[in-house]
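S.K.: Structure file input_10.cif, mmCIF, C-alpha atoms, is pasted below:
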data_coords
#
loop_
_atom_site.label_atom_id
_atom_site.label_comp_id
_atom_site.auth_asym_id
_atom_site.auth_seq_id
_atom_site.Cartn_x
_atom_site.Cartn_y
_atom_site.Cartn_z
CA MET A 663 16.61 -5.86 6.86
CA SER A 664 20.34 -5.35 6.53
CA SER A 665 22.20 -5.28 3.23
CA ASP A 666 24.96 -7.68 4.31
CA THR A 667 24.07 -10.13 1.51
CA LEU A 668 24.90 -7.55 -1.12
CA SER A 669 28.25 -6.17 -2.21
CA ARG A 670 29.46 -3.57 -4.68
CA THR A 671 31.50 -4.45 -7.74
CA GLY A 672 32.38 -1.22 -9.50
CA GLN A 673 29.04 0.52 -9.81
CA SER A 674 26.84 -2.59 -9.62
CA LEU A 675 25.28 -4.47 -6.73
CA VAL A 676 25.65 -8.23 -7.01
CA ARG A 677 24.29 -11.05 -4.87
CA THR A 678 26.81 -12.86 -2.64
CA ASP A 679 24.40 -15.31 -0.99
CA GLY A 680 23.04 -17.14 -4.03
CA GLY A 681 19.61 -15.91 -2.98
CA ASN A 682 16.55 -15.19 -5.05
CA ALA A 683 16.44 -11.43 -4.52
CA ARG A 684 14.93 -9.32 -7.27
CA TYR A 685 15.28 -5.60 -7.68
CA ALA A 686 12.23 -3.37 -7.70
CA VAL A 687 11.78 0.40 -7.55
CA GLY A 688 8.84 1.92 -5.73
CA ILE A 689 7.63 5.47 -6.38
CA MET A 690 5.33 7.44 -4.10
CA SER A 691 3.85 10.91 -4.27
CA GLY A 692 1.52 11.61 -1.38
CA THR A 693 -1.43 13.83 -0.58
CA SER A 694 0.85 16.49 0.92
CA LEU A 695 1.95 17.27 -2.66
CA ASP A 696 5.46 17.93 -1.38
CA GLY A 697 7.34 15.79 -3.86
CA ILE A 698 8.29 12.36 -5.15
CA ASP A 699 9.98 9.55 -3.23
CA ALA A 700 11.64 6.55 -4.87
CA ALA A 701 13.25 3.50 -3.28
CA CYS A 702 15.30 0.86 -5.05
CA CYS A 703 14.74 -2.36 -3.10
CA SER A 704 15.84 -5.96 -3.16
CA VAL A 705 12.89 -8.26 -2.52
CA THR A 706 13.47 -11.85 -1.45
CA GLU A 707 10.85 -14.57 -1.28
CA THR A 708 11.25 -16.28 2.10
CA GLY A 709 8.52 -18.90 1.93
CA THR A 710 7.95 -18.67 5.68
CA ASN A 711 4.52 -17.03 5.45
CA GLU A 712 2.23 -17.89 2.56
CA GLU A 713 0.30 -14.60 2.80
CA TYR A 714 3.30 -12.31 3.40
CA PRO A 715 6.14 -14.29 1.79
CA TYR A 716 8.70 -11.53 1.18
CA GLU A 717 11.62 -9.79 2.80
CA VAL A 718 12.29 -6.21 1.71
CA THR A 719 15.63 -4.39 1.85
CA VAL A 720 15.94 -0.74 0.82
CA GLU A 721 19.15 -0.33 -1.18
CA SER A 722 18.71 3.36 -2.00
CA PHE A 723 16.23 6.14 -1.41
CA VAL A 724 15.88 9.48 -3.17
CA SER A 725 13.38 12.28 -2.76
CA GLU A 726 12.69 15.22 -5.06
CA GLU A 727 10.56 18.20 -4.13
CA TYR A 728 8.03 19.41 -6.64
CA PRO A 729 9.03 22.71 -8.24
CA MET A 730 6.81 25.37 -6.69
CA GLU A 731 5.03 26.15 -9.98
CA LEU A 732 4.20 22.47 -10.49
CA ARG A 733 3.07 22.06 -6.89
CA THR A 734 0.76 25.05 -7.31
CA ARG A 735 -0.73 23.48 -10.44
CA LEU A 736 -1.32 20.22 -8.58
CA VAL A 737 -2.96 21.99 -5.65
CA GLU A 738 -5.25 23.82 -8.08
CA LEU A 739 -6.02 20.59 -9.94
CA CYS A 740 -7.17 19.05 -6.65
CA ASP A 741 -9.51 21.99 -6.02
CA GLU A 742 -12.98 21.14 -7.34
CA GLU A 743 -13.69 24.84 -7.95
CA ILE A 744 -10.78 25.46 -10.33
CA GLY A 745 -9.39 22.04 -11.37
CA THR A 746 -9.97 21.19 -15.05
CA VAL A 747 -10.03 18.03 -17.14
CA ASP A 748 -7.50 19.36 -19.65
CA GLU A 749 -5.02 20.10 -16.86
CA ALA A 750 -5.46 16.56 -15.51
CA CYS A 751 -4.75 15.28 -19.01
CA ARG A 752 -1.53 17.31 -19.33
CA LEU A 753 -0.20 16.49 -15.87
CA ASN A 754 -0.98 12.79 -16.24
CA ILE A 755 1.64 12.57 -18.98
CA GLY A 756 4.04 15.19 -17.64
CA LEU A 757 4.17 13.65 -14.16
CA GLY A 758 4.87 10.25 -15.69
CA SER A 759 8.06 11.67 -17.16
CA LEU A 760 9.05 13.31 -13.88
CA LEU A 761 8.45 10.11 -11.90
CA ALA A 762 10.58 8.21 -14.42
CA ASP A 763 13.47 10.61 -13.72
CA VAL A 764 13.23 10.02 -9.96
CA ALA A 765 13.05 6.24 -10.44
CA THR A 766 16.18 6.41 -12.57
CA ALA A 767 17.91 8.43 -9.85
CA ALA A 768 17.09 5.71 -7.30
CA MET A 769 18.56 3.01 -9.54
CA ASP A 770 21.68 5.12 -10.11
CA GLU A 771 22.05 5.70 -6.37
CA ALA A 772 21.86 1.94 -5.70
CA GLY A 773 24.25 1.15 -8.54
CA VAL A 774 21.66 -1.10 -10.17
CA ASP A 775 21.36 -1.22 -13.96
CA PRO A 776 17.75 -0.87 -15.20
CA GLU A 777 18.23 -4.16 -17.08
CA ASN A 778 18.50 -5.88 -13.68
CA VAL A 779 15.31 -4.32 -12.29
CA ASP A 780 12.23 -6.54 -12.52
CA VAL A 781 9.62 -3.87 -11.98
CA ILE A 782 8.81 -0.29 -11.05
CA GLY A 783 5.75 0.07 -8.83
CA SER A 784 4.25 3.55 -9.01
CA HIS A 785 1.46 4.93 -6.86
CA GLY A 786 1.08 8.09 -8.93
CA GLN A 787 -0.39 11.32 -7.59
CA THR A 788 -3.89 11.19 -6.16
CA ILE A 789 -5.96 14.10 -7.40
CA TRP A 790 -9.34 12.91 -6.11
CA HIS A 791 -10.67 10.15 -3.89
CA ILE A 792 -14.33 9.48 -3.07
CA GLY A 793 -14.60 7.20 -0.05
CA THR A 794 -18.39 6.85 -0.13
CA GLN A 795 -20.26 4.59 -2.51
CA GLU A 796 -22.08 6.46 -5.26
CA GLU A 797 -24.34 5.22 -8.03
CA LEU A 798 -24.21 6.85 -11.44
CA PRO A 799 -27.66 7.33 -12.96
CA GLY A 800 -28.35 4.60 -15.48
CA VAL A 801 -25.26 2.62 -14.47
CA GLY A 802 -26.08 1.06 -11.11
CA CYS A 803 -23.67 -1.00 -9.02
CA PRO A 804 -22.57 1.75 -6.60
CA ARG A 805 -18.86 1.90 -5.89
CA ARG A 806 -16.30 4.28 -4.49
CA SER A 807 -13.98 6.18 -6.83
CA THR A 808 -10.36 7.21 -6.97
CA LEU A 809 -8.03 8.82 -9.49
CA GLN A 810 -4.23 8.86 -9.56
CA ILE A 811 -2.27 10.46 -12.39
CA ALA A 812 1.28 9.90 -13.77
CA ASP A 813 0.89 7.39 -16.56
CA GLY A 814 2.69 4.05 -16.15
CA SER A 815 3.34 3.71 -19.88
CA VAL A 816 5.42 6.89 -19.82
CA ILE A 817 7.44 5.61 -16.85
CA ALA A 818 8.03 2.24 -18.55
CA ARG A 819 9.02 3.86 -21.83
CA GLU A 820 11.48 6.33 -20.31
CA THR A 821 13.14 3.90 -17.86
CA GLY A 822 13.05 0.74 -19.94
CA VAL A 823 11.56 -1.12 -16.96
CA LYS A 824 8.22 -2.91 -16.75
CA THR A 825 5.96 -0.66 -14.64
CA VAL A 826 2.94 -1.43 -12.47
CA SER A 827 0.62 1.47 -11.65
CA ASP A 828 -3.01 2.27 -10.84
CA PHE A 829 -3.08 -0.11 -7.88
CA ARG A 830 -6.16 1.12 -6.07
CA THR A 831 -8.86 0.51 -8.66
CA ALA A 832 -8.77 -3.31 -8.48
CA ASP A 833 -9.65 -3.14 -4.80
CA ILE A 834 -12.43 -0.65 -5.53
CA ALA A 835 -13.80 -2.96 -8.21
CA ALA A 836 -13.95 -5.66 -5.51
CA GLY A 837 -16.08 -3.41 -3.29
CA GLY A 838 -13.26 -1.87 -1.27
CA HIS A 839 -12.02 1.65 -0.62
CA GLY A 840 -8.81 1.20 -2.62
CA ALA A 841 -7.02 2.25 0.56
CA PRO A 842 -5.13 1.99 2.77
CA LEU A 843 -2.45 0.00 0.95
CA ALA A 844 0.34 0.27 3.56
CA PRO A 845 -0.86 -2.75 5.60
CA TYR A 846 0.65 -5.12 3.02
CA LEU A 847 4.17 -3.85 3.77
CA ASP A 848 3.42 -3.35 7.47
CA ALA A 849 2.40 -6.97 7.97
CA THR A 850 5.31 -8.19 5.84
CA VAL A 851 8.02 -6.23 7.65
CA PHE A 852 6.91 -4.83 11.01
CA SER A 853 4.75 -7.31 12.92
CA ASP A 854 5.99 -8.63 16.26
CA GLU A 855 5.58 -12.12 17.72
CA GLU A 856 4.22 -10.86 21.05
CA ARG A 857 3.15 -7.21 21.02
CA HIS A 858 0.21 -5.42 19.42
CA ARG A 859 1.54 -2.61 17.27
CA SER A 860 0.13 0.37 15.46
CA LEU A 861 2.03 1.64 12.44
CA GLN A 862 0.89 5.26 12.26
CA ASN A 863 1.71 7.14 9.10
CA ILE A 864 1.32 10.91 9.30
CA GLY A 865 1.51 12.17 5.75
CA GLY A 866 -1.04 14.54 4.28
CA ILE A 867 -3.62 12.12 5.64
CA GLY A 868 -3.07 10.06 8.78
CA ASN A 869 -3.52 6.31 8.55
CA CYS A 870 -2.83 3.47 10.93
CA THR A 871 -2.24 -0.24 10.59
CA LEU A 872 -3.20 -2.30 13.65
CA LEU A 873 -0.98 -5.38 13.77
CA PRO A 874 -1.67 -8.21 16.22
CA PRO A 875 1.22 -10.60 16.93
CA SER A 876 2.20 -12.72 13.90
CA PRO A 877 -0.87 -11.73 11.86
CA GLY A 878 -2.55 -13.53 8.99
CA ARG A 879 -4.26 -11.64 6.17
CA ASN A 880 -7.62 -11.58 7.98
CA ASP A 881 -6.08 -10.31 11.23
CA VAL A 882 -4.80 -6.94 9.98
CA ARG A 883 -6.95 -3.83 10.25
CA ALA A 884 -6.13 -0.39 8.90
CA PHE A 885 -7.91 2.85 8.10
CA ASP A 886 -7.40 6.58 7.65
CA THR A 887 -7.50 8.30 11.04
CA GLY A 888 -8.20 11.69 9.42
CA PRO A 889 -5.95 14.63 8.57
CA GLY A 890 -2.25 14.15 9.13
CA ASN A 891 -0.17 17.14 8.08
CA MET A 892 -2.75 18.40 5.60
CA VAL A 893 -4.62 20.82 7.87
CA ILE A 894 -1.43 21.95 9.63
CA ASP A 895 0.30 22.62 6.30
CA ALA A 896 -2.68 24.46 4.83
CA VAL A 897 -3.07 26.63 7.93
CA VAL A 898 0.63 27.57 7.79
CA GLU A 899 0.46 28.26 4.05
CA ILE A 900 -2.61 30.48 4.40
CA LEU A 901 -1.27 32.38 7.41
CA THR A 902 2.10 33.06 5.73
CA ASP A 903 0.61 33.92 2.32
CA GLY A 904 2.46 30.96 0.82
CA GLU A 905 5.90 31.86 2.17
CA GLN A 906 5.87 28.61 4.18
CA THR A 907 4.14 25.40 3.18
CA TYR A 908 4.63 23.58 6.49
CA ASP A 909 5.65 24.14 10.11
CA VAL A 910 9.38 23.36 10.13
CA ASP A 911 10.19 21.14 13.14
CA GLY A 912 6.87 22.18 14.70
CA GLU A 913 8.44 25.47 15.77
CA ILE A 914 5.37 27.65 15.22
CA ALA A 915 3.10 25.22 17.08
CA ALA A 916 5.59 25.06 19.95
CA ARG A 917 5.14 28.81 20.50
CA GLY A 918 1.35 28.60 20.66
CA THR A 919 -1.33 27.17 22.92
CA PRO A 920 -3.95 24.77 21.55
CA ASP A 921 -7.60 25.74 21.98
CA GLU A 922 -9.51 22.63 23.05
CA SER A 923 -12.89 24.15 22.23
CA VAL A 924 -11.92 24.52 18.56
CA ILE A 925 -10.57 20.97 18.57
CA ASP A 926 -13.81 19.66 20.09
CA ARG A 927 -15.86 21.56 17.53
CA PHE A 928 -14.02 20.03 14.58
CA MET A 929 -13.94 16.58 16.14
CA ASN A 930 -17.71 16.48 15.60
CA ALA A 931 -17.24 15.74 11.89
CA PRO A 932 -19.09 12.57 10.81
CA TYR A 933 -15.89 11.04 9.45
CA PHE A 934 -14.44 10.46 12.90
CA GLU A 935 -17.52 8.62 14.12
CA ALA A 936 -17.77 6.35 11.07
CA SER A 937 -16.53 2.81 11.61
CA PRO A 938 -13.68 1.35 9.53
CA PRO A 939 -12.99 0.49 6.82
CA LYS A 940 -12.90 4.14 5.81
CA THR A 941 -10.76 6.50 3.80
CA THR A 942 -10.52 10.24 3.31
CA GLY A 943 -8.44 12.83 1.52
CA ARG A 944 -7.97 16.40 0.34
CA GLU A 945 -11.61 16.65 -0.70
CA ASP A 946 -12.54 16.47 3.02
CA PHE A 947 -9.57 18.13 4.75
CA GLY A 948 -8.08 20.45 2.14
CA HIS A 949 -7.64 24.22 1.98
CA GLU A 950 -11.33 25.03 2.34
CA TYR A 951 -11.45 23.01 5.56
CA ALA A 952 -8.34 24.86 6.78
CA ARG A 953 -9.98 28.21 6.05
CA ARG A 954 -12.95 27.24 8.22
CA PHE A 955 -10.54 26.09 10.92
CA ILE A 956 -8.75 29.45 10.88
CA GLU A 957 -12.06 31.32 10.99
CA ALA A 958 -13.16 29.34 14.05
CA GLY A 959 -9.84 30.08 15.73
CA ARG A 960 -10.04 33.79 15.02
CA GLU A 961 -13.51 33.83 16.58
CA ARG A 962 -11.80 32.54 19.73
CA GLY A 963 -9.14 35.25 19.55
CA LEU A 964 -6.28 32.93 18.57
CA ASP A 965 -3.11 34.39 17.11
CA ASP A 966 -1.12 32.66 14.35
CA ALA A 967 0.99 30.49 16.68
CA ASP A 968 -2.11 29.42 18.62
CA LEU A 969 -3.84 28.49 15.35
CA VAL A 970 -0.94 26.29 14.23
CA ALA A 971 -0.72 24.75 17.71
CA THR A 972 -4.45 24.01 17.61
CA ALA A 973 -4.23 22.44 14.15
CA THR A 974 -1.31 20.29 15.34
CA ALA A 975 -3.16 19.21 18.48
CA PHE A 976 -6.21 18.49 16.33
CA THR A 977 -4.24 15.94 14.29
CA ALA A 978 -3.00 14.31 17.51
CA ALA A 979 -6.57 14.26 18.85
CA THR A 980 -7.96 12.57 15.73
CA ILE A 981 -5.37 9.78 15.98
CA ALA A 982 -5.98 9.24 19.71
CA ASP A 983 -9.73 9.27 19.15
CA ALA A 984 -9.40 6.64 16.42
CA TYR A 985 -7.55 4.32 18.79
CA ASP A 986 -10.10 4.88 21.56
CA ARG A 987 -12.98 4.06 19.21
CA PHE A 988 -11.63 1.35 16.96
CA ALA A 989 -8.42 -0.27 18.30
CA ASP A 990 -9.43 -3.48 20.06
CA PRO A 991 -7.17 -4.47 21.65
CA TYR A 992 -5.46 -1.15 22.22
CA PRO A 993 -1.88 -1.12 20.83
CA ASP A 994 1.07 -1.70 23.13
CA GLU A 995 3.17 0.67 21.04
CA VAL A 996 2.85 3.14 18.17
CA PHE A 997 5.53 3.69 15.54
CA VAL A 998 5.24 6.89 13.50
CA SER A 999 6.37 7.47 9.94
CA GLY A 1000 5.69 10.13 7.32
CA GLY A 1001 6.45 13.83 7.49
CA GLY A 1002 4.74 14.07 10.88
CA ALA A 1003 7.53 11.96 12.40
CA TYR A 1004 9.79 15.01 11.99
CA ASN A 1005 7.48 17.32 13.91
CA PRO A 1006 8.53 16.94 17.57
CA THR A 1007 5.65 19.14 18.73
CA LEU A 1008 3.15 16.82 17.05
CA LEU A 1009 4.83 13.72 18.49
CA THR A 1010 4.76 15.19 21.99
CA MET A 1011 1.08 16.07 21.62
CA LEU A 1012 0.33 12.57 20.36
CA SER A 1013 2.23 10.98 23.24
CA ASP A 1014 0.18 13.05 25.67
CA ARG A 1015 -3.10 11.81 24.20
CA VAL A 1016 -2.56 8.07 23.69
CA ALA A 1017 -2.26 5.40 26.36
CA CYS A 1018 0.86 3.66 25.04
CA ASP A 1019 4.44 4.29 23.98
CA VAL A 1020 5.05 6.41 20.88
CA ASP A 1021 8.27 6.21 18.87
CA ARG A 1022 9.53 6.89 15.38
CA LEU A 1023 9.60 3.99 12.93
CA SER A 1024 13.36 4.46 12.67
CA SER A 1025 13.66 2.83 16.10
CA LEU A 1026 12.88 -0.49 14.34
CA GLY A 1027 15.86 -0.03 12.03
CA PHE A 1028 13.87 1.04 8.97
CA ASP A 1029 14.22 4.44 7.31
CA PRO A 1030 10.71 5.91 7.72
CA ASP A 1031 11.18 8.23 4.74
CA SER A 1032 11.45 5.24 2.41
CA LYS A 1033 8.51 3.26 3.80
CA GLU A 1034 5.78 4.22 1.34
CA ALA A 1035 8.09 4.02 -1.67
CA ALA A 1036 9.25 0.57 -0.51
CA LEU A 1037 5.59 -0.44 -0.26
CA PHE A 1038 5.10 0.05 -4.00
CA ALA A 1039 8.29 -1.82 -4.84
CA LEU A 1040 6.89 -4.76 -2.86
CA MET A 1041 3.44 -4.42 -4.40
CA GLY A 1042 4.95 -4.37 -7.88
CA ILE A 1043 6.73 -7.66 -7.21
CA ALA A 1044 3.55 -9.23 -5.81
CA ARG A 1045 1.68 -8.10 -8.94
CA LEU A 1046 4.20 -9.80 -11.19
CA ASP A 1047 3.94 -12.95 -9.07
CA GLY A 1048 0.15 -12.91 -9.31
CA ARG A 1049 -0.24 -12.72 -5.53
CA PRO A 1050 -3.04 -10.73 -3.87
CA ASN A 1051 -1.56 -7.50 -2.52
CA ASN A 1052 -4.56 -5.89 -0.87
CA VAL A 1053 -5.65 -6.53 2.73
CA PRO A 1054 -9.46 -6.87 2.63
CA GLY A 1055 -9.81 -6.43 6.39
CA SER A 1056 -8.38 -2.95 5.92
CA THR A 1057 -9.88 -1.84 2.61
CA GLY A 1058 -13.29 -3.50 2.95
CA ALA A 1059 -12.91 -5.42 -0.33
CA ASP A 1060 -14.99 -8.55 -0.76
CA ASP A 1061 -11.90 -10.71 -1.25
CA PRO A 1062 -8.14 -10.60 -1.84
CA VAL A 1063 -7.23 -9.27 -5.29
CA VAL A 1064 -4.11 -8.72 -7.35
CA MET A 1065 -3.79 -4.96 -7.78
CA GLY A 1066 -1.94 -2.98 -10.41
CA LYS A 1067 -1.90 -2.52 -14.18
CA VAL A 1068 1.22 -3.52 -16.09
CA SER A 1069 2.86 -1.26 -18.69
CA LEU A 1070 5.66 -2.65 -20.86
CA PRO A 1071 8.65 -0.58 -21.99
#
Before we go any further, please render this structure as structure tokens.
M.R.:
Amino acid sequence: MSSDTLSRTGQSLVRTDGGNARYAVGIMSGTSLDGIDAACCSVTETGTNEEYPYEVTVESFVSEEYPMELRTRLVELCDEEIGTVDEACRLNIGLGSLLADVATAAMDEAGVDPENVDVIGSHGQTIWHIGTQEELPGVGCPRRSTLQIADGSVIARETGVKTVSDFRTADIAAGGHGAPLAPYLDATVFSDEERHRSLQNIGGIGNCTLLPPSPGRNDVRAFDTGPGNMVIDAVVEILTDGEQTYDVDGEIAARGTPDESVIDRFMNAPYFEASPPKTTGREDFGHEYARRFIEAGRERGLDDADLVATATAFTAATIADAYDRFADPYPDEVFVSGGGAYNPTLLTMLSDRVACDVDRLSSLGFDPDSKEAALFALMGIARLDGRPNNVPGSTGADDPVVMGKVSLP
């Protein structure tokens, strides 16, 4: 995963190995609604594994926070009580333009001209995800549903680069959940020849990829473990009247004491008992859920620090519970990425609750901040190559499918 086969000439990166690397930019905006990540990657086809035939190198990574006014609008759009169709319409186009700017910044940072970039892969911003199958009256054929905004045509037009977006719906059409998508990168980059690994992302939602040694496509399992930072962030935001949107370095939680009775009460949610494949999101663990969590804590006499500590321990408990229920065999080691990897209090609580080693993904030599953006660079390349880029054992799809819709500049 090093960049030793690339060199700089002026402001451009050029190949020095005669290899077949192609440049791709991946863009990710997650359920935490904290901002936009973009990674400019070189992707090489290795030919050593027919199902995961690529090597991915991150050449640059940039991250832009959402302006507070825009973040507020997105939070409100994701609230079923106040979100509106016209606002979704506006932000679908407006966010496309903003994502294009961040993609351009990633190309500039890498010194790669847009003319030399094969594809931009964009996840978009999820505003709603329904992980249970529903049948519309008069339509039949029950399926799950998902909606991401930030139009790919706008990104393609403003960057001049072919753009692949709307990845999840092809998997849903094939009977899957449309998530998680991370296993495709995880199996490509992070599997080990001997050890069972869990790649645990702690973003707004927590999700894990269970990787056996040297896996094939049918060997990889992944699912959403439940809330990641979402409940913690919402509790902090509510308690501080919006002055803080997350617990910086887990400092508030470190001052408090978790209440196990509150944790046990909220662990009774049906989601945690349901078997994978399964997915969840803000519609299950958003601000309303956090308000109920705070109310339960106040009934127990918890102060603010205790409430944040309890929310943090709750996230750790949901991850540990998921491994106890569904990881067979149990992982030898867990590698954490996402915003939760920067919360030492959360990592300590997780280490205390799982029966294996816990470390940050950075210990494998990969920048964890760039992981999800790199995923969509890889998925964009696979889409252009016509290769299936879902993992049916993780999403529950009937078969492997090629995900993503192509927009031309």
S.K.: When you look at Phe997 (chain A) with a cut-off of 8 Å (counting all atoms listed in the file), what residues show up, excluding the ones that are within fewer than 4 positions of it in the same chain? I need them as a PyMOL selection string.
M.R.: chain A and resi 859-862+1020-1023
S.K.: Give the answer as one residue: which of A:Glu961, A:Glu731, A:Glu1034, A:Asp1029 has the shortest atom-to-atom distance to Gly783 (chain A), using only C-alpha atoms?
M.R.: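 Going through A:Glu961, A:Glu731, A:Glu1034, A:Asp1029 one by one, the smallest distance to Gly783 (chain A) is for A:Glu1034.
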S.K.: Under the rule that only C-alpha atoms are counted, which of A:Ile817, A:Cys702, A:Ala973, A:Leu753 is the nearest residue to Leu739 (chain A)?
M.R.: A:Leu753
S.K.: What is the CA of Asp1060 (chain A) to CA of Asp833 (chain A) distance in Å?
M.R.: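 CA of Asp1060 (chain A) sits 8.6 Å away from CA of Asp833 (chain A).
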S.K.: Kindly provide, as lines of an AutoDock Vina configuration file, the centre and edge lengths (Å, one decimal) of an axis-aligned box around all atoms of region 844-855 of chain A given in the file, with 3 Å on each side.
M.R.:
center_x = 3.6
center_y = -5.9
center_z = 10.4
size_x = 14.9
size_y = 18.4
size_z = 20.7
S.K.: Please list, as a ChimeraX atom specification, the residues that have an atom at most 10 Å away from (-7.5, -9.7, 0.6) in the coordinates of this file, counting all atoms listed in the file.
M.R.: /A:713,833,836,838,846,879-880,1049-1064
S.K.: Nearest to Ile864 (chain A): which of A:Glu905, A:Asp813, A:Asp1031, A:Glu738 is it, counting all atoms listed in the file?
M.R.: A:Asp1031
S.K.: Leaving out Thr974 (chain A) and any residue of its chain fewer than 6 positions from it, which residues lie within 7 Å of it when counting all atoms listed in the file, given as a list in words?
M.R.: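 In the requested format, the answer is Ile894, Ala915 and Leu1008 of chain A.
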S.K.: Counting all atoms listed in the file, which residues have an atom no more than 9 Å from (12.4, -4.8, 6.4) in the file's coordinates? Please list them as a list in words.
M.R.: Met663, Ser664, Glu717, Val718, Thr719, Val720, Leu847, Thr850, Val851, Phe852, Gly1027 and Phe1028 of chain A
S.K.: Contacts of Asp990 (chain A) at 10 Å or less, counting all atoms listed in the file, minus same-chain residues fewer than 5 places along, as a list in words?
M.R.: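 Listing them by chain and then by number gives His858, Leu872, Pro874 and Tyr985 of chain A.
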S.K.: How many Å lie between CA of Ile689 (chain A) and CA of Val816 (chain A), rounded to one decimal?
M.R.: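 A separation of 13.7 Å between them.
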S.K.: Let me know the residues the PyMOL selection byres ((chain A and resi 953) around 12) catches in the file above, as a list in words.
M.R.: Val893, Ile894, Asp895, Ala896, Val897, Val898, Glu899, Ile900, Leu901, Phe947, Gly948, His949, Glu950, Tyr951, Ala952, Arg954, Phe955, Ile956, Glu957, Ala958, Gly959, Arg960, Leu969 and Ala973 of chain A
S.K.: Taking all atoms listed in the file into account, name the residue in A:Gln906, A:Asp965, A:Ala975, A:Asp854 that is nearest to Leu1026 (chain A).
M.R.: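 Using all atoms listed in the file, the shortest distance to Leu1026 (chain A) belongs to A:Asp854.
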S.K.: Can you work out the spacing between CA of Ala701 (chain A) and CA of Asn863 (chain A) in Å, to one decimal?
M.R.: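 Value for the CA of Ala701 (chain A)-CA of Asn863 (chain A) distance: 17.3 Å.
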S.K.: Would you pick out the contacts of His839 (chain A) at 10 Å or less, using all atoms listed in the file, so that residues sharing its chain but fewer than 4 positions from it are not included, and give the list as a PyMOL selection string?
M.R.: chain A and resi 791-795+805-808+830-835+843+885+939-942+1054+1056-1059
S.K.: Using C-alpha atoms, can you write the selected residues to a file as a PDB file, in the frame of the given file?
M.R.:
ATOM      1  CA  HIS A 791     -10.670  10.150  -3.890  1.00  0.00           C
ATOM      2  CA  ILE A 792     -14.330   9.480  -3.070  1.00  0.00           C
ATOM      3  CA  GLY A 793     -14.600   7.200  -0.050  1.00  0.00           C
ATOM      4  CA  THR A 794     -18.390   6.850  -0.130  1.00  0.00           C
ATOM      5  CA  GLN A 795     -20.260   4.590  -2.510  1.00  0.00           C
ATOM      6  CA  ARG A 805     -18.860   1.900  -5.890  1.00  0.00           C
ATOM      7  CA  ARG A 806     -16.300   4.280  -4.490  1.00  0.00           C
ATOM      8  CA  SER A 807     -13.980   6.180  -6.830  1.00  0.00           C
ATOM      9  CA  THR A 808     -10.360   7.210  -6.970  1.00  0.00           C
ATOM     10  CA  ARG A 830      -6.160   1.120  -6.070  1.00  0.00           C
ATOM     11  CA  THR A 831      -8.860   0.510  -8.660  1.00  0.00           C
ATOM     12  CA  ALA A 832      -8.770  -3.310  -8.480  1.00  0.00           C
ATOM     13  CA  ASP A 833      -9.650  -3.140  -4.800  1.00  0.00           C
ATOM     14  CA  ILE A 834     -12.430  -0.650  -5.530  1.00  0.00           C
ATOM     15  CA  ALA A 835     -13.800  -2.960  -8.210  1.00  0.00           C
ATOM     16  CA  LEU A 843      -2.450   0.000   0.950  1.00  0.00           C
ATOM     17  CA  PHE A 885      -7.910   2.850   8.100  1.00  0.00           C
ATOM     18  CA  PRO A 939     -12.990   0.490   6.820  1.00  0.00           C
ATOM     19  CA  LYS A 940     -12.900   4.140   5.810  1.00  0.00           C
ATOM     20  CA  THR A 941     -10.760   6.500   3.800  1.00  0.00           C
ATOM     21  CA  THR A 942     -10.520  10.240   3.310  1.00  0.00           C
ATOM     22  CA  PRO A1054      -9.460  -6.870   2.630  1.00  0.00           C
ATOM     23  CA  SER A1056      -8.380  -2.950   5.920  1.00  0.00           C
ATOM     24  CA  THR A1057      -9.880  -1.840   2.610  1.00  0.00           C
ATOM     25  CA  GLY A1058     -13.290  -3.500   2.950  1.00  0.00           C
ATOM     26  CA  ALA A1059     -12.910  -5.420  -0.330  1.00  0.00           C
TER      27      ALA A1059
END
S.K.: Give the answer as one residue: which of A:Gly697, A:Gly745, A:Pro776, A:Pro715 has the shortest atom-to-atom distance to Ala849 (chain A), using only C-alpha atoms?
M.R.: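 Of A:Gly697, A:Gly745, A:Pro776, A:Pro715, the one nearest Ala849 (chain A), counting only C-alpha atoms, is A:Pro715.
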S.K.: List the residues matched by the PyMOL selection byres ((chain A and resi 916-928) around 7) in the displayed structure as a ChimeraX atom specification, ordered by chain and then by residue number.
M.R.: /A:912-915,929-931,958-959,967-968,971-972,975-976,1007
S.K.: With the file shown as input, list the residues that the PyMOL selection byres ((chain A and resi 812) around 8) selects, as a PyMOL selection string.
M.R.: chain A and resi 753-759+761+786-787+810-811+813-814+816
